[in-house]
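Chemist: Sharing a structure below in structure tokens format, with a few things to ask.
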Amino acid sequence: MNLPKSVTLFVNLLAASGLFAVSALAQDASKTPAKADVVKGQAIASQACAACHGADGNSVAPANPKLAGQVPEYLAKQLADFKANKDRKNAVMLGMASGLSTDDMRNLAAYYASQAAKPGAAKNKDTLELGQKLWRGGDTARGLPACAGCHGATGAGLPSQYPRLAGQHAEYIETQLKGFRAGERQNDPQRMMRMVAAKLTDKDISAVADYIAGLK
């Protein structure tokens, strides 16, 4: 049966549109990141990370951060930043991250995020009051926001935005805050941590770091 040219043209246009839509969907699907593989992440952790961060991410060395229970998006970003070696520089972590692909980073982050974080403890009773004050309420006179505003009242962090801090080694937290204050660490979005740390004294940093270590 011969169809009028106008009808034939319309049918061809519909067919072309359908093919375009299918093609677009296929392209979108190809851009969707693969789901993180915890098993693959564990394999990488056991081979490359366990010596410093512990098999389950509960580091026992104060200089090395605990990774267990950390926000996965945050961990993946830190690994990418170490690999880029621009805004967060660390010779050891540069060597570790250099050989990791984006999928490796996502898998590794997912593995550590799936592990249960072991609690820490505050050690300095003399600074607990100051640490708690800064954590819960900040210091309005100095324009210091409460740490809990971004990291949560218990330090659990806000998924995909701010890292978990509860139970982290006080020594590690102190080093990072001083790094932000000195401008040595620059991978904080919108300079948020650098602006906060710039207003903290050594006493403030020591107090809030110790308080964070005791959060559960």
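Just remember, in the structure tokens the first chain shown is A, the second B, etc., residues are 1-based per chain, and ligands are 1-based in the order shown.
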Excluding same-chain residues fewer than 6 positions from Gln115 (chain A), what lies within 12 Å of it counting only C-alpha atoms, as a ChimeraX atom specification?
Modeler: /A:38,41-42,45,54-58,66-72,108-109
Chemist: Please list as a list in words every residue within 12 Å of Ala63 (chain A), counting only C-alpha atoms and excluding residues in the same chain fewer than 3 positions away.
Modeler: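 That gives Cys52, His53, Ser59, Val60, Lys66, Gln168, His169, Ala170, Glu171, Tyr172, Ile173, Glu174, Thr175 and Gln176 of chain A.
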Chemist: With N, CA and C atoms kept, could you save the residues just selected as an mmCIF file, in the first residue's frame?
Modeler:
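Saved to result12.cif:
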data_model
loop_
_atom_site.group_PDB
_atom_site.id
_atom_site.type_symbol
_atom_site.label_atom_id
_atom_site.label_comp_id
_atom_site.auth_asym_id
_atom_site.auth_seq_id
_atom_site.Cartn_x
_atom_site.Cartn_y
_atom_site.Cartn_z
ATOM 1 N N CYS A 52 49.030 0.905 57.441
ATOM 2 C CA CYS A 52 48.919 2.214 58.095
ATOM 3 C C CYS A 52 47.553 2.468 58.724
ATOM 4 N N HIS A 53 46.500 1.990 58.057
ATOM 5 C CA HIS A 53 45.144 2.320 58.509
ATOM 6 C C HIS A 53 44.410 1.163 59.179
ATOM 7 N N SER A 59 42.690 2.573 62.408
ATOM 8 C CA SER A 59 44.113 2.786 62.646
ATOM 9 C C SER A 59 44.417 2.906 64.131
ATOM 10 N N VAL A 60 45.558 2.335 64.533
ATOM 11 C CA VAL A 60 45.979 2.462 65.931
ATOM 12 C C VAL A 60 47.091 3.503 66.076
ATOM 13 N N LYS A 66 41.756 7.226 61.167
ATOM 14 C CA LYS A 66 40.812 6.108 61.113
ATOM 15 C C LYS A 66 39.917 6.335 59.895
ATOM 16 N N GLN A 168 37.972 10.144 65.952
ATOM 17 C CA GLN A 168 39.220 10.266 65.198
ATOM 18 C C GLN A 168 40.372 10.606 66.148
ATOM 19 N N HIS A 169 41.572 10.179 65.794
ATOM 20 C CA HIS A 169 42.739 10.484 66.622
ATOM 21 C C HIS A 169 42.892 11.993 66.787
ATOM 22 N N ALA A 170 43.033 12.447 68.024
ATOM 23 C CA ALA A 170 43.182 13.875 68.295
ATOM 24 C C ALA A 170 44.424 14.431 67.602
ATOM 25 N N GLU A 171 45.498 13.658 67.597
ATOM 26 C CA GLU A 171 46.744 14.114 66.978
ATOM 27 C C GLU A 171 46.553 14.366 65.482
ATOM 28 N N TYR A 172 45.786 13.500 64.838
ATOM 29 C CA TYR A 172 45.544 13.661 63.406
ATOM 30 C C TYR A 172 44.681 14.893 63.136
ATOM 31 N N ILE A 173 43.610 15.063 63.925
ATOM 32 C CA ILE A 173 42.737 16.229 63.772
ATOM 33 C C ILE A 173 43.542 17.515 63.970
ATOM 34 N N GLU A 174 44.385 17.520 64.970
ATOM 35 C CA GLU A 174 45.196 18.710 65.257
ATOM 36 C C GLU A 174 46.112 19.048 64.082
ATOM 37 N N THR A 175 46.724 18.028 63.517
ATOM 38 C CA THR A 175 47.617 18.254 62.374
ATOM 39 C C THR A 175 46.861 18.835 61.181
ATOM 40 N N GLN A 176 45.661 18.305 60.921
ATOM 41 C CA GLN A 176 44.885 18.785 59.777
ATOM 42 C C GLN A 176 44.399 20.216 59.977
#
Chemist: Using only C-alpha atoms, which residue out of A:Ala148, A:Leu75, A:Ala50, A:Ala36 lies closest to Val208 (chain A)?
Modeler: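 Among the listed residues, A:Ala148 lies closest to Val208 (chain A).
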Chemist: Between A:Ala84, A:Met195, A:Ala76, A:Ile205, single out the one closest to Gln132 (chain A), counting only C-alpha atoms.
Modeler: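 For Gln132 (chain A), the nearest of the given residues is A:Ile205.
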Chemist: A:Ala113, A:Ala209, A:Leu200, A:Ala121: which is nearest Pro163 (chain A), counting only C-alpha atoms?
Modeler: A:Ala113
Chemist: Can you measure CA of Arg136 (chain A) to CA of Leu215 (chain A) for me? One decimal in Å is fine.
Modeler: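 A separation of 11.8 Å between them.
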Chemist: Mind checking DSSP for region 43-197 of chain A and telling me the alpha helix (DSSP H) residues as a ChimeraX atom specification?
Modeler: /A:43-44,50-53,72-84,91-97,102-113,128-137,148-151,170-182,192-197
Chemist: From a backbone DSSP assignment, name each residue in chain A labelled strand (DSSP E or B), as a list in words.
Modeler: Asp139, Leu144, Leu158 and Tyr162 of chain A
Chemist: Export N, CA and C atoms of the chosen residues as a compact mmCIF listing (two decimals), in the first residue's frame?
Modeler:
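Final output, again_35.txt:
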# COMPACT_ATOMS: atom_id res chain seq x y z
N ASP A 139 32.14 30.25 68.53
CA ASP A 139 32.45 31.45 69.29
C ASP A 139 32.00 32.64 68.45
N LEU A 144 33.33 32.37 64.83
CA LEU A 144 33.59 30.93 64.68
C LEU A 144 32.28 30.15 64.69
N LEU A 158 27.89 14.57 57.59
CA LEU A 158 26.70 14.65 56.75
C LEU A 158 27.04 14.00 55.42
N TYR A 162 30.12 16.44 54.39
CA TYR A 162 31.13 16.67 55.42
C TYR A 162 31.53 15.35 56.07
Chemist: Tell me, as number ranges by chain, which residues lie within 12 Å of Ala153 (chain A), counting only C-alpha atoms; anything in the same chain fewer than 2 positions away does not count.
Modeler: A: 132, 134-137, 146-151, 155-158, 164-166, 212, 215-216
